[in-house]
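Q: Below is the structure I would like to discuss, written out as structure tokens.
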Amino acid sequence: GFRCGIVGLPNVGKSTLFNALTETAAAQAANYPFCTIEPNVGQVAVPDPRLDQLAEIAKSAKKIETQLAFVDIAGLVRGASKGEGLGNQFLANIREVDAIVHVLRCFEDGDVTHVEGKVDPIADAETVETELMLADLESLEKRVPNLVKRGQAGDKESKIAAAVLGQALELLREGKPARLTQPKDEEERRHFDQAQLLTSKPVLYVCNVDEGDASEGNALSARVFEKAKAEGAEAVVVSAAIEAEIATLDPEERQAFLADLGLAETGLARVIRAGYALLHLITFFTAGPKEARAWTVHKGDKAPQAAGAIHTDFERGFIRAETIAFDDYVKYGGEAGAREAGKLRQEGKDYVVQDGDVMLFRFNV
Ligand code: GDP
């Protein structure tokens with residue numbers, strides 16, 4: 001599955017957000033740095049109103065959302081790249097995630113200690129980024145010279161890796177993240193991805209604001225949005241404290257509570273969706289009387305890979321995919337109507353799956 005790692009300085013609201021996300025009290029939030037030591041992993045359902053529509057049309061007995069994993073990664077402090085605090089563990093955990101959800105404290109609260117002494121989300125973001133850049137810099141300072149040597153000795157793969165990672169190293173030396181590297185072809189791209197640099201992962205900034213700022217954000221979150229825009233990153237405003245409260249309510253109470261705060265949906269729904277977009281993921285559906293279900297694939301994946309998301313046998317024995325675009329499925333009242341209207345397409349192994357496709361796979365066993 002796909003994993004988003006929640007990072008940030010101590011006391012910015014990571015655990016509160018993670019707990020709300022997973023609706024568990026397992027990772028207890030506490031006003032104390034280092035309270036969560038081991039990474040906690042939570043599988044989170046991706047909210048998608050289209051699934052409700054499909055289930056209603058197909059008269060499905062149940063609905064199954066697709067999921068995204070969130071990992072609460074604690075332990076980042078200034079000096080992490082030097083192995084201070086829980087630095088090494090932190091960096092190892094971050095290496096294993098596909099995207100970074102960076103929580104920034106955009107709330108003032110005299111009772112909650114700020115590790116750097118004042119509330120400044122931009123400075124906090126830079127502290128975290130600096131640690132990640134230093135860690136990448138240190139690892140590339142060791143690896144690139146070796147790759148260059150092996151490349152000069154005639155190893156073709158090392159030569160390609162040396163070129164692309166050399167470019168990343170130059171950027172890091174200038175204080176820029178590795179994600180600005182531009183691999184010149186697929187081979188370089190492959191080596192770059194394999195290097196799993198910390199600063200090559202996509203970033204979503206979560207501005208954690210006080211309850212009163214949850215709908216509009218505040219001056220601090222506005223600065224984070226500017227920063228995100230300049231970097232090509234994403235940002236959302238969330239009040240982790242509100243989300244934690246909402247997580248304890250049942251669905252009807254939830255709607256009323258949100259309406260009172262002037263919110264259309266939970267901040268968590270926005271975080272989950274932004275995480276999904278950050279990873280370039282799309283959803284396709286299967287729908288029948290037994291269940292309506294959402295599945296995740298990468299944007300650009302082809303029909304057999306979508307089949308493989310359901311079962312490896314489906315991918316191996318793939319023959320074709322009977323596909324209906326979501327809008328057609330709704331417009332023609334389901335599979336039979338869409339088929340009659342000529343909107344059920346027979347797609348082969350080169351078909352690129354589109355977000356919202358309702359699919360049925362034909363395969364050999
Ligand atoms: P972590 O160290 O980043 O995981 O931070 P926690 O989630 O443990 O939160 C640290 C403290 O800040 C806890 O006492 C939380 O209750 C508090 N906190 C978290 N989010 C908010 C918020 O939006 N507003 C206020 N006032 N306090 C918050």
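Every chain in the structure tokens takes a letter, A first, then B, and so on in the order presented; its residues are numbered from 1, and the ligands are numbered from 1 following the presented order.
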Would you mind listing what lies within 8 Å of A:Ala309 as a PDB file with N, CA and C atoms, in the first residue's frame, with only C-alpha atoms counted and same-chain residues fewer than 2 positions away left out?

A:
```pdb
ATOM      1  N   TRP A 295     -10.862   1.222  -5.272  1.00  0.00           N
ATOM      2  CA  TRP A 295      -9.510   0.666  -5.327  1.00  0.00           C
ATOM      3  C   TRP A 295      -8.536   1.752  -5.761  1.00  0.00           C
ATOM      4  N   THR A 296      -7.299   1.600  -5.322  1.00  0.00           N
ATOM      5  CA  THR A 296      -6.288   2.610  -5.635  1.00  0.00           C
ATOM      6  C   THR A 296      -5.271   2.118  -6.661  1.00  0.00           C
ATOM      7  N   VAL A 297      -4.991   2.955  -7.652  1.00  0.00           N
ATOM      8  CA  VAL A 297      -3.868   2.702  -8.563  1.00  0.00           C
ATOM      9  C   VAL A 297      -3.130   4.021  -8.808  1.00  0.00           C
ATOM     10  N   GLN A 305      -2.790  -3.742 -14.378  1.00  0.00           N
ATOM     11  CA  GLN A 305      -2.313  -3.356 -13.050  1.00  0.00           C
ATOM     12  C   GLN A 305      -3.486  -3.081 -12.110  1.00  0.00           C
ATOM     13  N   ALA A 306      -4.546  -2.515 -12.675  1.00  0.00           N
ATOM     14  CA  ALA A 306      -5.748  -2.284 -11.875  1.00  0.00           C
ATOM     15  C   ALA A 306      -6.309  -3.631 -11.436  1.00  0.00           C
ATOM     16  N   ALA A 307      -6.328  -4.590 -12.366  1.00  0.00           N
ATOM     17  CA  ALA A 307      -6.803  -5.935 -12.029  1.00  0.00           C
ATOM     18  C   ALA A 307      -5.942  -6.517 -10.917  1.00  0.00           C
ATOM     19  N   HIS A 311      -6.447  -8.661  -7.300  1.00  0.00           N
ATOM     20  CA  HIS A 311      -5.869  -9.985  -7.073  1.00  0.00           C
ATOM     21  C   HIS A 311      -4.767 -10.234  -8.106  1.00  0.00           C
ATOM     22  N   THR A 312      -3.672 -10.821  -7.679  1.00  0.00           N
ATOM     23  CA  THR A 312      -2.561 -11.057  -8.619  1.00  0.00           C
ATOM     24  C   THR A 312      -2.992 -11.991  -9.750  1.00  0.00           C
TER      25      THR A 312
END
```

Q: Tell me, as JSON, numbers by chain, which residues lie within 7 Å of A:Cys4, counting only C-alpha atoms; anything in the same chain fewer than 6 positions away does not count.

A: {"A": [69, 70, 71, 97, 98, 99, 100, 101, 275]}

Q: May I have the residues from that selection written out with N, CA and C atoms, as a PDB file, in the first residue's frame?

A:
```pdb
ATOM      1  N   ALA A  69      -2.282   4.611   4.090  1.00  0.00           N
ATOM      2  CA  ALA A  69      -1.650   4.447   5.401  1.00  0.00           C
ATOM      3  C   ALA A  69      -0.980   5.738   5.846  1.00  0.00           C
ATOM      4  N   PHE A  70      -1.166   6.087   7.106  1.00  0.00           N
ATOM      5  CA  PHE A  70      -0.456   7.216   7.696  1.00  0.00           C
ATOM      6  C   PHE A  70       0.454   6.692   8.801  1.00  0.00           C
ATOM      7  N   VAL A  71       1.680   7.212   8.811  1.00  0.00           N
ATOM      8  CA  VAL A  71       2.642   6.789   9.818  1.00  0.00           C
ATOM      9  C   VAL A  71       3.010   8.005  10.652  1.00  0.00           C
ATOM     10  N   VAL A  97       8.565   5.980   3.716  1.00  0.00           N
ATOM     11  CA  VAL A  97       7.248   6.470   3.290  1.00  0.00           C
ATOM     12  C   VAL A  97       7.307   7.047   1.880  1.00  0.00           C
ATOM     13  N   ASP A  98       6.133   7.130   1.251  1.00  0.00           N
ATOM     14  CA  ASP A  98       6.063   7.611  -0.130  1.00  0.00           C
ATOM     15  C   ASP A  98       5.907   9.131  -0.201  1.00  0.00           C
ATOM     16  N   ALA A  99       5.323   9.710   0.833  1.00  0.00           N
ATOM     17  CA  ALA A  99       5.114  11.163   0.843  1.00  0.00           C
ATOM     18  C   ALA A  99       5.206  11.661   2.281  1.00  0.00           C
ATOM     19  N   ILE A 100       5.490  12.946   2.419  1.00  0.00           N
ATOM     20  CA  ILE A 100       5.657  13.539   3.741  1.00  0.00           C
ATOM     21  C   ILE A 100       4.518  14.502   4.041  1.00  0.00           C
ATOM     22  N   VAL A 101       3.856  14.268   5.167  1.00  0.00           N
ATOM     23  CA  VAL A 101       2.834  15.192   5.658  1.00  0.00           C
ATOM     24  C   VAL A 101       3.497  15.954   6.803  1.00  0.00           C
ATOM     25  N   GLY A 275      -3.232  14.007   0.423  1.00  0.00           N
ATOM     26  CA  GLY A 275      -2.202  12.967   0.462  1.00  0.00           C
ATOM     27  C   GLY A 275      -2.314  12.069  -0.757  1.00  0.00           C
TER      28      GLY A 275
END
```

Q: Ligand 1: which residues are within 6 Å, counting only C-alpha atoms and all ligand atoms? Reply as a list in words.

A: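 Counting only what the definition allows, namely only C-alpha atoms and all ligand atoms, the set is Pro10, Asn11, Val12, Gly13, Lys14, Ser15, Thr16, Ala29, Ala30, Asn31, Pro33, Phe107, Asp109, Val112, Asn208, Val209, Asp210, Ser239, Ala240 and Ala241 of chain A.
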
Q: Might you pull out every residue within 10 Å of A:Pro47, with only C-alpha atoms counted and same-chain residues fewer than 3 positions away left off, and present them as a tab-separated table (two decimals) with C-alpha atoms, in the first residue's frame?

A:
```tsv
chain	number	residue	atom	x	y	z
A	44	VAL	CA	-7.30	5.37	6.87
A	50	ARG	CA	-18.86	8.63	-5.51
A	51	LEU	CA	-18.75	5.31	-3.69
A	52	ASP	CA	-22.07	6.12	-1.96
A	65	GLU	CA	-13.52	2.42	0.78
A	66	THR	CA	-9.97	2.36	-0.44
A	67	GLN	CA	-7.29	3.04	2.15
A	268	LEU	CA	-9.03	15.15	7.82
A	269	ALA	CA	-10.97	14.48	4.65
A	270	ARG	CA	-8.91	17.25	3.06
A	272	ILE	CA	-6.45	12.40	3.15
A	273	ARG	CA	-7.45	13.65	-0.27
A	294	ALA	CA	-13.03	1.68	-4.32
```

Q: What's the 8 Å shell around stretch 321-337 of chain A, counting only C-alpha atoms, without same-chain residues fewer than 2 positions away, as a short mmCIF file (atom, residue, chain, number, x, y, z; two decimals) with C-alpha atoms, in the first residue's frame?

A:
```
data_model
loop_
_atom_site.label_atom_id
_atom_site.label_comp_id
_atom_site.auth_asym_id
_atom_site.auth_seq_id
_atom_site.Cartn_x
_atom_site.Cartn_y
_atom_site.Cartn_z
CA GLN A 53 -23.64 6.95 -5.31
CA LEU A 54 -22.43 3.72 -6.88
CA ILE A 57 -27.35 2.57 -7.95
CA ALA A 58 -25.95 -0.97 -7.82
CA ALA A 303 -5.95 -2.13 -16.91
CA ILE A 319 -8.13 -10.77 -20.85
CA ARG A 339 -24.40 -1.11 -21.73
CA GLU A 340 -27.62 -0.31 -23.63
CA ALA A 341 -26.42 3.23 -24.29
CA LYS A 343 -21.17 3.30 -22.81
CA LEU A 344 -19.71 0.02 -21.64
CA ARG A 345 -16.30 -0.21 -23.28
CA GLN A 346 -14.23 -3.35 -23.84
CA GLU A 347 -10.71 -2.30 -22.94
CA GLY A 348 -7.51 -4.29 -23.46
CA GLN A 354 -9.10 6.81 -15.62
CA GLY A 356 -13.67 7.02 -11.47
CA ASP A 357 -13.78 4.13 -13.94
CA VAL A 358 -16.22 1.41 -12.95
CA MET A 359 -14.54 -1.81 -14.02
CA LEU A 360 -15.22 -5.51 -14.39
CA PHE A 361 -12.29 -7.75 -15.27
CA ARG A 362 -12.41 -10.78 -17.51
#
```

Q: Rounded to one decimal in Å, what is the spacing between atom CA of A:Glu174 and atom CA of A:Thr130?

A: 11.6 Å
